[in-house]
file final_2.csv (CSV, C-alpha atoms)
chain,number,residue,atom,x,y,z
A,1,MET,CA,-66.8,77.9,-67.1
A,2,SER,CA,-63.1,78.5,-66.5
A,3,ARG,CA,-62.4,74.9,-67.5
A,4,ARG,CA,-64.1,75.4,-70.9
A,5,PHE,CA,-62.0,78.5,-71.7
A,6,ALA,CA,-58.9,76.8,-70.7
A,7,ILE,CA,-59.6,74.0,-73.2
A,8,TRP,CA,-60.3,76.5,-75.9
A,9,THR,CA,-57.0,78.3,-75.1
A,10,ALA,CA,-55.1,75.1,-75.3
A,11,VAL,CA,-56.7,74.3,-78.7
A,12,VAL,CA,-55.9,77.7,-80.1
A,13,SER,CA,-52.3,77.6,-78.8
A,14,PHE,CA,-51.7,74.1,-80.2
A,15,GLY,CA,-53.3,75.1,-83.6
A,16,GLY,CA,-51.2,78.2,-83.7
A,17,ALA,CA,-48.0,76.4,-82.9
A,18,ALA,CA,-48.8,73.8,-85.6
A,19,LEU,CA,-49.4,76.5,-88.3
A,20,LEU,CA,-46.3,78.3,-87.4
A,21,THR,CA,-44.3,75.2,-87.7
A,22,VAL,CA,-45.8,74.4,-91.1
A,23,PHE,CA,-45.2,77.9,-92.6
A,24,ALA,CA,-41.8,78.1,-91.1
A,25,GLY,CA,-40.8,74.9,-92.9
A,26,LEU,CA,-42.2,76.3,-96.2
A,27,ALA,CA,-40.2,79.5,-95.7
A,28,LEU,CA,-37.0,77.7,-95.1
A,29,ARG,CA,-37.7,75.4,-98.1
A,30,HIS,CA,-38.3,78.2,-100.7
A,31,ASP,CA,-36.2,80.9,-99.0
A,32,SER,CA,-38.8,83.4,-100.0
A,33,ASP,CA,-39.0,86.9,-98.3
A,34,SER,CA,-42.7,87.1,-99.0
A,35,ALA,CA,-43.3,83.7,-97.3
A,36,VAL,CA,-41.3,84.8,-94.3
A,37,GLY,CA,-43.3,88.0,-94.1
A,38,TRP,CA,-46.5,86.2,-94.5
A,39,VAL,CA,-45.5,83.8,-91.7
A,40,TYR,CA,-44.6,86.7,-89.4
A,41,ALA,CA,-48.0,88.4,-90.1
A,42,LEU,CA,-49.8,85.2,-89.4
A,43,ALA,CA,-47.9,84.7,-86.2
A,44,ALA,CA,-48.7,88.2,-85.1
A,45,SER,CA,-52.4,87.6,-85.8
A,46,LEU,CA,-52.4,84.4,-83.8
A,47,LEU,CA,-50.7,86.1,-80.9
A,48,ALA,CA,-53.3,88.9,-81.1
A,49,ILE,CA,-56.1,86.3,-81.0
A,50,ALA,CA,-54.4,84.5,-78.1
A,51,GLY,CA,-54.2,87.9,-76.2
A,52,VAL,CA,-57.9,88.6,-76.8
A,53,LEU,CA,-58.8,85.1,-75.6
A,54,GLU,CA,-56.6,85.5,-72.6
A,55,GLN,CA,-58.3,88.8,-71.7
A,56,THR,CA,-61.7,87.3,-72.2
A,57,ILE,CA,-60.8,84.3,-70.0
A,58,LEU,CA,-59.4,86.6,-67.3
A,59,ARG,CA,-62.5,88.9,-67.5
A,60,ARG,CA,-64.9,86.0,-67.3
A,61,ALA,CA,-62.9,84.3,-64.5
A,62,HIS,CA,-63.0,87.6,-62.6
A,63,ASP,CA,-66.7,88.0,-63.1
A,64,GLU,CA,-67.3,84.4,-61.9
A,65,ILE,CA,-65.2,85.0,-58.8
A,66,THR,CA,-67.0,88.2,-58.1
A,67,HIS,CA,-70.4,86.5,-58.5
A,68,ARG,CA,-69.4,83.7,-56.2
A,69,GLN,CA,-68.0,86.1,-53.7
A,70,SER,CA,-71.3,88.0,-53.8
A,71,GLN,CA,-73.2,84.8,-53.2
A,72,ALA,CA,-71.0,83.9,-50.3
A,73,ASP,CA,-71.5,87.4,-48.8
A,74,VAL,CA,-75.3,86.9,-49.1
A,75,LEU,CA,-75.2,83.5,-47.5
A,76,GLN,CA,-72.9,84.8,-44.7
A,77,SER,CA,-75.4,87.7,-44.2
A,78,GLN,CA,-78.3,85.3,-44.0
A,79,PHE,CA,-76.4,83.0,-41.6
A,80,GLN,CA,-75.6,85.9,-39.3
A,81,GLU,CA,-79.2,87.1,-39.4
A,82,GLN,CA,-80.5,83.7,-38.5
A,83,ARG,CA,-77.9,83.3,-35.7
A,84,ARG,CA,-78.9,86.7,-34.3
A,85,ALA,CA,-82.6,85.6,-34.4
A,86,VAL,CA,-81.8,82.4,-32.6
A,87,ASP,CA,-79.7,84.2,-30.0
A,88,GLU,CA,-82.5,86.7,-29.4
A,89,LEU,CA,-85.1,83.9,-29.0
A,90,ALA,CA,-82.9,82.0,-26.6
A,91,ASP,CA,-82.1,85.2,-24.6
A,92,GLY,CA,-85.9,85.9,-24.3
A,93,LEU,CA,-86.6,82.5,-22.7
A,94,ASP,CA,-87.2,82.1,-18.9
A,95,VAL,CA,-85.2,78.9,-19.1
A,96,ALA,CA,-81.5,78.6,-18.7
A,97,VAL,CA,-80.0,77.0,-21.8
A,98,PHE,CA,-76.5,75.6,-22.2
A,99,ILE,CA,-74.8,73.8,-25.0
A,100,CYS,CA,-71.8,71.7,-23.9
A,101,ASP,CA,-69.4,69.2,-25.4
A,102,GLY,CA,-69.2,65.6,-24.3
A,103,ARG,CA,-66.7,66.5,-21.5
A,104,GLY,CA,-69.0,69.2,-20.0
A,105,SER,CA,-67.3,72.3,-21.4
A,106,VAL,CA,-69.7,75.2,-22.1
A,107,LEU,CA,-70.0,76.1,-25.8
A,108,TYR,CA,-73.0,78.4,-25.5
A,109,ALA,CA,-75.1,79.9,-22.7
A,110,ASN,CA,-78.2,82.1,-23.1
A,111,LEU,CA,-78.9,85.3,-21.1
A,112,ARG,CA,-81.0,83.5,-18.5
A,113,ALA,CA,-78.2,80.9,-17.9
A,114,ARG,CA,-75.7,83.7,-17.3
A,115,GLN,CA,-78.1,85.5,-14.9
A,116,LEU,CA,-79.1,82.4,-13.0
A,117,PHE,CA,-75.5,81.4,-12.1
A,118,GLN,CA,-74.1,85.0,-12.3
A,119,PHE,CA,-71.3,84.1,-14.7
A,120,GLU,CA,-70.7,86.7,-17.3
A,121,ASP,CA,-68.6,84.8,-19.8
A,122,PRO,CA,-69.0,81.0,-19.4
A,123,LEU,CA,-67.8,80.0,-22.9
A,124,GLY,CA,-64.9,77.6,-22.8
A,125,ARG,CA,-65.3,77.0,-19.1
A,126,SER,CA,-66.4,73.7,-17.5
A,127,LEU,CA,-70.0,73.5,-16.5
A,128,LEU,CA,-68.9,72.7,-12.9
A,129,ALA,CA,-66.9,75.9,-12.8
A,130,VAL,CA,-69.9,77.9,-14.0
A,131,THR,CA,-72.6,76.4,-11.9
A,132,LEU,CA,-70.7,74.9,-9.0
A,133,SER,CA,-73.1,71.9,-9.2
A,134,TYR,CA,-71.5,68.5,-9.4
A,135,ASP,CA,-75.0,66.9,-9.9
A,136,LEU,CA,-75.7,69.1,-13.0
A,137,GLU,CA,-72.3,68.2,-14.5
A,138,GLN,CA,-73.0,64.5,-14.0
A,139,LEU,CA,-76.4,64.9,-15.6
A,140,VAL,CA,-74.7,66.2,-18.8
A,141,LEU,CA,-72.0,63.5,-18.8
A,142,ARG,CA,-74.7,60.8,-18.3
A,143,ALA,CA,-76.7,62.0,-21.2
A,144,ALA,CA,-73.5,62.3,-23.4
A,145,LYS,CA,-72.5,58.7,-22.5
A,146,SER,CA,-75.9,57.0,-22.7
A,147,GLY,CA,-77.3,59.0,-25.6
A,148,GLU,CA,-80.6,59.2,-23.8
A,149,ALA,CA,-82.3,62.3,-22.2
A,150,ALA,CA,-81.7,62.7,-18.5
A,151,TYR,CA,-84.0,64.5,-16.1
A,152,ALA,CA,-83.5,65.6,-12.5
A,153,GLU,CA,-84.8,68.1,-9.9
A,154,LEU,CA,-81.7,69.6,-8.4
A,155,SER,CA,-80.8,72.0,-5.6
A,156,PHE,CA,-78.2,74.8,-6.3
A,157,SER,CA,-76.3,76.6,-3.5
A,158,TYR,CA,-74.7,79.2,-5.8
A,159,PRO,CA,-75.3,82.1,-6.0
A,160,GLY,CA,-78.2,81.4,-3.6
A,161,GLN,CA,-80.4,78.5,-2.6
A,162,ARG,CA,-82.4,77.6,-5.7
A,163,ILE,CA,-84.3,74.6,-7.1
A,164,GLY,CA,-84.3,73.8,-10.8
A,165,LEU,CA,-85.8,71.2,-13.1
A,166,ALA,CA,-82.9,70.1,-15.3
A,167,LYS,CA,-82.9,68.2,-18.6
A,168,ALA,CA,-79.9,67.1,-20.7
A,169,TRP,CA,-80.2,65.5,-24.1
A,170,ILE,CA,-78.2,65.1,-27.3
A,171,THR,CA,-79.1,65.3,-31.0
A,172,GLY,CA,-77.5,63.7,-34.1
A,173,GLN,CA,-76.3,67.1,-35.5
A,174,PRO,CA,-73.9,68.4,-34.6
A,175,PRO,CA,-72.3,65.3,-33.1
A,176,GLY,CA,-70.9,65.4,-29.6
A,177,ARG,CA,-73.1,68.3,-28.4
A,178,VAL,CA,-75.2,68.1,-25.3
A,179,PHE,CA,-78.1,70.5,-24.7
A,180,LEU,CA,-79.0,71.4,-21.2
A,181,SER,CA,-82.0,73.3,-19.9
A,182,VAL,CA,-82.6,74.4,-16.3
A,183,TYR,CA,-86.0,75.8,-15.2
A,184,ASP,CA,-86.1,77.6,-11.9
A,185,VAL,CA,-88.9,76.3,-9.8
A,186,THR,CA,-87.8,77.8,-6.5
A,187,ASP,CA,-90.8,80.0,-6.1
A,188,LEU,CA,-93.2,77.2,-7.1
A,189,ARG,CA,-91.7,74.8,-4.5
A,190,ARG,CA,-91.8,77.5,-1.8
A,191,LEU,CA,-95.5,78.1,-2.5
A,192,GLU,CA,-96.2,74.4,-2.4
A,193,THR,CA,-94.5,74.2,1.0
A,194,ILE,CA,-96.6,77.1,2.2
A,195,ARG,CA,-99.7,75.4,1.0
A,196,LYS,CA,-98.9,72.1,2.6
A,197,ASP,CA,-98.0,73.8,5.9
A,198,PHE,CA,-101.2,75.8,5.8
A,199,VAL,CA,-103.4,72.8,5.2
A,200,ALA,CA,-101.6,70.8,7.9
A,201,ASN,CA,-101.9,73.7,10.4
A,202,VAL,CA,-105.6,74.4,9.6
A,203,SER,CA,-106.5,70.7,9.8
A,204,HIS,CA,-104.8,70.5,13.2
A,205,GLU,CA,-106.2,73.7,14.6
A,206,LEU,CA,-109.8,72.8,13.6
A,207,ARG,CA,-109.8,69.6,15.5
A,208,THR,CA,-110.2,71.2,18.9
A,209,PRO,CA,-113.0,73.7,18.1
A,210,MET,CA,-114.9,71.0,16.2
A,211,THR,CA,-114.6,68.6,19.2
A,212,MET,CA,-116.0,71.3,21.5
A,213,ILE,CA,-118.9,72.1,19.1
A,214,ARG,CA,-119.8,68.4,18.9
A,215,ALA,CA,-119.7,68.0,22.7
A,216,MET,CA,-122.0,71.0,23.2
A,217,ALA,CA,-124.4,69.8,20.5
A,218,GLU,CA,-124.5,66.4,22.2
A,219,THR,CA,-125.2,68.1,25.6
A,220,LEU,CA,-128.1,70.1,24.1
A,221,GLN,CA,-129.4,67.0,22.4
A,222,ASP,CA,-129.4,65.1,25.8
A,223,GLU,CA,-131.2,67.9,27.6
A,224,ALA,CA,-133.7,68.6,24.8
A,225,LYS,CA,-137.3,67.8,25.6
A,226,PRO,CA,-139.3,65.4,23.4
A,227,GLU,CA,-141.6,68.2,22.4
A,228,ASP,CA,-138.8,70.4,21.3
A,229,GLU,CA,-139.2,69.8,17.6
A,230,LEU,CA,-136.4,72.2,16.4
A,231,ALA,CA,-133.8,70.7,18.7
A,232,ASN,CA,-134.6,67.2,17.8
A,233,ARG,CA,-134.5,68.0,14.1
A,234,TYR,CA,-131.4,70.1,13.9
A,235,LEU,CA,-129.0,68.9,16.6
A,236,PRO,CA,-128.4,65.4,15.1
A,237,ARG,CA,-127.7,67.2,11.7
A,238,ILE,CA,-125.2,69.5,13.4
A,239,ILE,CA,-123.5,66.5,15.0
A,240,GLY,CA,-123.4,64.7,11.6
A,241,GLU,CA,-121.9,67.7,9.8
A,242,ILE,CA,-119.3,68.2,12.6
A,243,ASP,CA,-118.3,64.5,12.2
A,244,ARG,CA,-118.0,65.1,8.4
A,245,LEU,CA,-115.8,68.1,9.0
A,246,SER,CA,-113.7,66.1,11.4
A,247,MET,CA,-113.2,63.4,8.7
A,248,ILE,CA,-112.1,66.0,6.1
A,249,SER,CA,-109.7,67.6,8.6
A,250,HIS,CA,-108.3,64.1,9.4
A,251,ASP,CA,-107.9,63.2,5.7
A,252,LEU,CA,-106.3,66.6,4.9
A,253,LEU,CA,-103.8,66.0,7.7
A,254,GLN,CA,-103.0,62.5,6.4
A,255,LEU,CA,-102.6,63.9,2.9
A,256,SER,CA,-100.3,66.6,4.1
A,257,LYS,CA,-98.1,64.1,5.9
A,258,ALA,CA,-98.0,61.9,2.8
A,259,GLU,CA,-96.8,64.8,0.7
A,260,SER,CA,-94.3,66.3,3.1
A,261,ASN,CA,-92.8,63.7,5.4
A,262,PRO,CA,-90.1,61.3,4.1
A,263,VAL,CA,-91.1,57.7,4.1
A,264,GLU,CA,-89.8,55.7,7.0
A,265,LYS,CA,-89.4,52.3,5.4
A,266,GLN,CA,-89.1,49.1,7.4
A,267,THR,CA,-89.9,45.4,7.0
A,268,CYS,CA,-93.6,45.1,6.5
A,269,ASP,CA,-95.9,42.1,5.7
A,270,LEU,CA,-98.3,43.6,3.2
A,271,ALA,CA,-100.5,40.5,3.2
A,272,ALA,CA,-101.0,40.8,7.0
A,273,VAL,CA,-101.8,44.5,6.6
A,274,VAL,CA,-104.5,43.9,4.0
A,275,ARG,CA,-106.0,41.1,6.0
A,276,GLU,CA,-106.3,43.4,9.0
A,277,ALA,CA,-108.0,46.0,6.9
A,278,VAL,CA,-110.5,43.4,5.6
A,279,ASP,CA,-111.2,42.2,9.2
A,280,HIS,CA,-111.7,45.8,10.4
A,281,LEU,CA,-114.3,46.6,7.7
A,282,HIS,CA,-116.0,43.2,7.6
A,283,GLU,CA,-118.9,44.3,9.8
A,284,ARG,CA,-119.6,47.3,7.6
A,285,ALA,CA,-119.7,45.1,4.5
A,286,VAL,CA,-122.1,42.7,6.2
A,287,GLU,CA,-124.4,45.6,7.1
A,288,LYS,CA,-124.7,46.4,3.4
A,289,GLY,CA,-125.2,42.8,2.4
A,290,LEU,CA,-121.8,42.5,0.7
A,291,ALA,CA,-119.3,39.6,0.6
A,292,LEU,CA,-115.9,40.9,1.7
A,293,SER,CA,-113.0,38.5,1.4
A,294,TYR,CA,-109.2,38.3,1.1
A,295,GLU,CA,-107.4,36.3,-1.6
A,296,GLY,CA,-103.7,35.9,-2.3
A,297,LEU,CA,-100.4,35.2,-0.7
A,298,PRO,CA,-100.3,34.4,3.0
A,299,LEU,CA,-97.1,36.3,3.4
A,300,LEU,CA,-95.5,39.1,1.2
A,301,VAL,CA,-92.7,41.1,2.8
A,302,VAL,CA,-91.9,44.6,1.5
A,303,GLN,CA,-89.8,47.6,2.6
A,304,ALA,CA,-92.4,50.2,3.4
A,305,ASP,CA,-94.1,52.2,6.1
A,306,PRO,CA,-96.7,49.8,7.8
A,307,THR,CA,-98.9,52.7,8.9
A,308,GLN,CA,-99.2,54.1,5.4
A,309,MET,CA,-99.7,50.7,3.9
A,310,SER,CA,-102.6,50.3,6.3
A,311,GLN,CA,-104.0,53.7,5.2
A,312,ILE,CA,-103.9,52.5,1.6
A,313,ALA,CA,-105.7,49.2,2.4
A,314,ILE,CA,-108.4,50.8,4.5
A,315,ASN,CA,-109.1,53.6,2.0
A,316,LEU,CA,-109.4,51.3,-1.0
A,317,VAL,CA,-111.5,48.6,0.8
A,318,GLU,CA,-113.7,51.2,2.4
A,319,ASN,CA,-114.1,53.0,-0.9
A,320,ALA,CA,-115.2,49.8,-2.6
A,321,ILE,CA,-117.7,49.1,0.1
A,322,ASN,CA,-119.2,52.6,-0.1
A,323,TYR,CA,-119.7,52.4,-3.9
A,324,THR,CA,-121.0,48.8,-4.1
A,325,THR,CA,-124.7,48.2,-3.6
A,326,ALA,CA,-124.7,44.5,-4.2
A,327,GLY,CA,-122.3,41.7,-4.8
A,328,SER,CA,-118.8,41.4,-3.5
A,329,VAL,CA,-115.5,43.1,-2.7
A,330,VAL,CA,-112.3,41.1,-3.0
A,331,ALA,CA,-108.9,42.3,-1.7
A,332,SER,CA,-105.9,40.4,-2.9
A,333,VAL,CA,-102.1,40.5,-2.8
A,334,ARG,CA,-99.7,39.0,-5.4
A,335,GLU,CA,-96.1,39.4,-6.4
A,336,GLU,CA,-94.6,40.6,-9.6
A,337,PRO,CA,-90.9,41.1,-10.6
A,338,GLU,CA,-89.7,43.8,-8.2
A,339,PHE,CA,-93.2,44.8,-7.1
A,340,ALA,CA,-95.8,43.7,-4.6
A,341,VAL,CA,-99.3,44.3,-6.0
A,342,PHE,CA,-102.4,45.0,-3.8
A,343,GLU,CA,-105.7,44.9,-5.6
A,344,VAL,CA,-109.3,45.7,-4.6
A,345,LYS,CA,-112.0,44.5,-7.0
A,346,ASP,CA,-115.7,45.2,-6.5
A,347,THR,CA,-118.9,44.7,-8.4
A,348,GLY,CA,-120.1,48.2,-7.7
A,349,LEU,CA,-121.3,51.1,-9.8
A,350,GLY,CA,-118.1,51.4,-11.8
A,351,ILE,CA,-116.5,54.6,-13.1
A,352,ALA,CA,-116.9,56.0,-16.7
A,353,ILE,CA,-113.7,56.2,-18.6
A,354,GLU,CA,-113.7,60.0,-18.9
A,355,HIS,CA,-113.3,60.2,-15.1
A,356,HIS,CA,-110.4,57.7,-14.8
A,357,ARG,CA,-107.6,60.3,-15.0
A,358,ARG,CA,-109.2,62.6,-12.4
A,359,VAL,CA,-110.4,60.3,-9.7
A,360,PHE,CA,-107.1,60.6,-7.9
A,361,GLU,CA,-107.4,64.4,-7.6
A,362,ARG,CA,-108.2,65.8,-4.2
A,363,PHE,CA,-111.9,66.6,-3.7
A,364,TYR,CA,-112.8,65.4,-7.2
A,365,ARG,CA,-116.3,63.8,-7.2
A,366,ILE,CA,-117.9,61.9,-10.0
A,367,ASP,CA,-121.3,62.4,-8.4
A,368,LYS,CA,-121.4,64.9,-5.6
A,369,GLY,CA,-124.8,63.8,-4.4
A,370,ARG,CA,-123.7,60.1,-4.3
A,371,SER,CA,-120.4,61.0,-2.6
A,372,ARG,CA,-122.1,63.0,0.1
A,373,THR,CA,-124.6,60.1,0.8
A,374,THR,CA,-121.7,57.6,1.2
A,375,GLY,CA,-119.9,59.9,3.6
A,376,GLY,CA,-116.7,60.2,1.5
A,377,THR,CA,-114.4,63.2,1.8
A,378,GLY,CA,-113.0,63.1,-1.8
A,379,LEU,CA,-109.5,62.7,-0.4
A,380,GLY,CA,-109.1,59.0,0.0
A,381,LEU,CA,-107.8,58.2,-3.4
A,382,SER,CA,-105.5,61.2,-3.3
A,383,ILE,CA,-104.0,59.8,-0.1
A,384,VAL,CA,-103.5,56.4,-1.8
A,385,LYS,CA,-101.8,58.0,-4.8
A,386,HIS,CA,-99.4,60.1,-2.8
A,387,ILE,CA,-98.4,57.3,-0.5
A,388,ALA,CA,-97.8,54.9,-3.3
A,389,GLU,CA,-95.7,57.4,-5.3
A,390,ALA,CA,-93.7,58.4,-2.1
A,391,HIS,CA,-92.7,54.7,-1.9
A,392,GLY,CA,-91.6,54.7,-5.6
A,393,GLY,CA,-94.8,52.9,-6.7
A,394,SER,CA,-98.0,53.7,-8.5
A,395,VAL,CA,-101.8,53.2,-8.4
A,396,SER,CA,-104.0,52.3,-11.4
A,397,LEU,CA,-107.7,51.9,-12.2
A,398,ASP,CA,-109.5,49.5,-14.4
A,399,SER,CA,-113.3,50.2,-14.4
A,400,THR,CA,-116.4,50.0,-16.5
A,401,LEU,CA,-119.5,51.9,-15.7
A,402,ASN,CA,-122.1,49.6,-14.0
A,403,GLU,CA,-119.7,46.7,-14.0
A,404,GLY,CA,-117.4,47.4,-11.1
A,405,SER,CA,-113.9,48.7,-10.5
A,406,THR,CA,-110.4,47.3,-9.8
A,407,PHE,CA,-107.8,49.5,-8.1
A,408,ALA,CA,-104.2,48.2,-8.1
A,409,VAL,CA,-101.3,49.5,-6.1
A,410,ARG,CA,-97.8,48.5,-6.9
A,411,ILE,CA,-95.1,48.9,-4.2
A,412,PRO,CA,-91.4,48.1,-4.8
A,413,ILE,CA,-90.4,45.0,-2.8
A,414,GLY,CA,-86.9,46.1,-1.9
A,415,GLU,CA,-85.4,49.5,-1.0
call {"tool": "encode", "arguments": {"input": "final_2.csv", "output": "structure tokens"}}
result
Amino acid sequence: MSRRFAIWTAVVSFGGAALLTVFAGLALRHDSDSAVGWVYALAASLLAIAGVLEQTILRRAHDEITHRQSQADVLQSQFQEQRRAVDELADGLDVAVFICDGRGSVLYANLRARQLFQFEDPLGRSLLAVTLSYDLEQLVLRAAKSGEAAYAELSFSYPGQRIGLAKAWITGQPPGRVFLSVYDVTDLRRLETIRKDFVANVSHELRTPMTMIRAMAETLQDEAKPEDELANRYLPRIIGEIDRLSMISHDLLQLSKAESNPVEKQTCDLAAVVREAVDHLHERAVEKGLALSYEGLPLLVVQADPTQMSQIAINLVENAINYTTAGSVVASVREEPEFAVFEVKDTGLGIAIEHHRRVFERFYRIDKGRSRTTGGTGLGLSIVKHIAEAHGGSVSLDSTLNEGSTFAVRIPIGE
């Protein structure tokens, strides 16, 4: 708009100057007073027109500036309102949120972040100075350098002993910014520890009374007379249920150890461990009319806990025997890049796909009646899963209903 008026002003000024020049030349040529007067009148008119145009241009320029200033004020107001909304949202979260630059300096911290680390004004300070956590600072620097999200569960000693799940990541806009979230899981981890300790203590304490109850039931059974129908009917069932409770107690204790105790790795021949499990359960497989065999490498050395590897092998092979009514069970060991793979394949009842994700949960039963008949506790696969993960490995299932199942455990070969 202002450019258009500037062009018109230049045109009018140039035209006025040209007319003045022409009439001034005529006045000098004819030396006429009337011509001179007429020129002066025309000049005055042109100057008046120029003044009006100048005022119009200035007024319109002022109006345009005022309009643009008004738009800027509206945009600024909207920006401030959105920023307040984002700040209120962030301050209402139970997660500590930081925004840092690529060097680890704090550019933003929400209310939870300030409360968690008891730092009133962290802006402009280094993340290390605010949190006193070297590991947290390194997490941010690693994300900034790699451009990929970084995760870690970290322990903080300031202002008190806390445990947090931390995640650091970056986005394209604005460049050079690292976002950091810390979720306090101290209470959750404390409750998990209490649960594990409770399960371990209860499992341990139940063993003695169950042993005594079984011994007394066996004594009553030995002294019962043949005509004592009630004793002969119920005492064997009592002994059977005590044995079942003992198995559950034993498995709970093993599961608690797998969850709580650090893995004591040493040189372990996984192939020998699996062969021993197959030999140990061979008689049970023969009693059911099953063909139990070992296939695979004669030697496969890994860094693992031999006792826990034996638990994995016995649980998986025994599980396959329990749920296979006819056919075969094959245990095998092979090597993949960086992993030793132990598989148990059976021709049993199989598992429907909707149960695949839950079979490793403790006490989860696909068919409660069938599980009780086979004598399972519902904890064997949970023990396998926790031991494998404690070693940095994993367990997987490939199964089709009525066609059999294959369980595969992967254990890192090295440290």
call {"tool": "closest_residue", "arguments": {"input": "final_2.csv", "among": "A:Val95, A:Val359, A:Ala331, A:Ala390", "to": "Val182 (chain A)", "atoms": "all atoms listed in the file"}}
result
A:Val95
call {"tool": "residues_near_point", "arguments": {"input": "final_2.csv", "point": "(-88.3, 57.3, 5.6)", "cutoff": "10 Å", "atoms": "all atoms listed in the file", "output": "list in words"}}
result
Asn261, Pro262, Val263, Glu264, Lys265, Gln266, Ala304, Asp305, Ala390 and His391 of chain A
call {"tool": "residues_around", "arguments": {"input": "final_2.csv", "residues": "Gln115 (chain A)", "least_positions_apart": "2", "cutoff": "12 Å", "atoms": "only C-alpha atoms", "output": "number ranges by chain"}}
result
A: 91, 93-97, 109-113, 117-122, 130-131, 158-159, 184
call {"tool": "residues_around", "arguments": {"input": "final_2.csv", "residues": "region 211-228 of chain A", "least_positions_apart": "2", "cutoff": "12 Å", "atoms": "all atoms listed in the file", "output": "list in words"}}
result
His204, Glu205, Leu206, Arg207, Thr208, Pro209, Leu230, Ala231, Asn232, Arg233, Tyr234, Leu235, Pro236, Arg237, Ile238, Ile239, Gly240, Glu241, Ile242, Asp243, Arg244, Leu245, Ser246, Met247 and Ser249 of chain A
call {"tool": "atom_distance", "arguments": {"input": "final_2.csv", "atom1": "CA of Leu127 (chain A)", "atom2": "CA of Glu192 (chain A)"}}
result
29.8 Å
call {"tool": "atom_distance", "arguments": {"input": "final_2.csv", "atom1": "CA of Tyr134 (chain A)", "atom2": "CA of Ile163 (chain A)"}}
result
14.4 Å
call {"tool": "residues_around", "arguments": {"input": "final_2.csv", "residues": "Thr377 (chain A)", "least_positions_apart": "5", "cutoff": "12 Å", "atoms": "only C-alpha atoms", "output": "list in words"}}
result
Glu241, Asp243, Arg244, Leu245, Ser246, Met247, Ile248, Ser249, His250, Asp251, Leu252, Leu255, Asn315, Asn319, Asn322, Glu361, Arg362, Phe363, Tyr364, Arg365, Lys368, Arg370, Ser371, Arg372, Ser382 and Ile383 of chain A
call {"tool": "atom_distance", "arguments": {"input": "final_2.csv", "atom1": "CA of Ser260 (chain A)", "atom2": "CA of Ser203 (chain A)"}}
result
14.6 Å
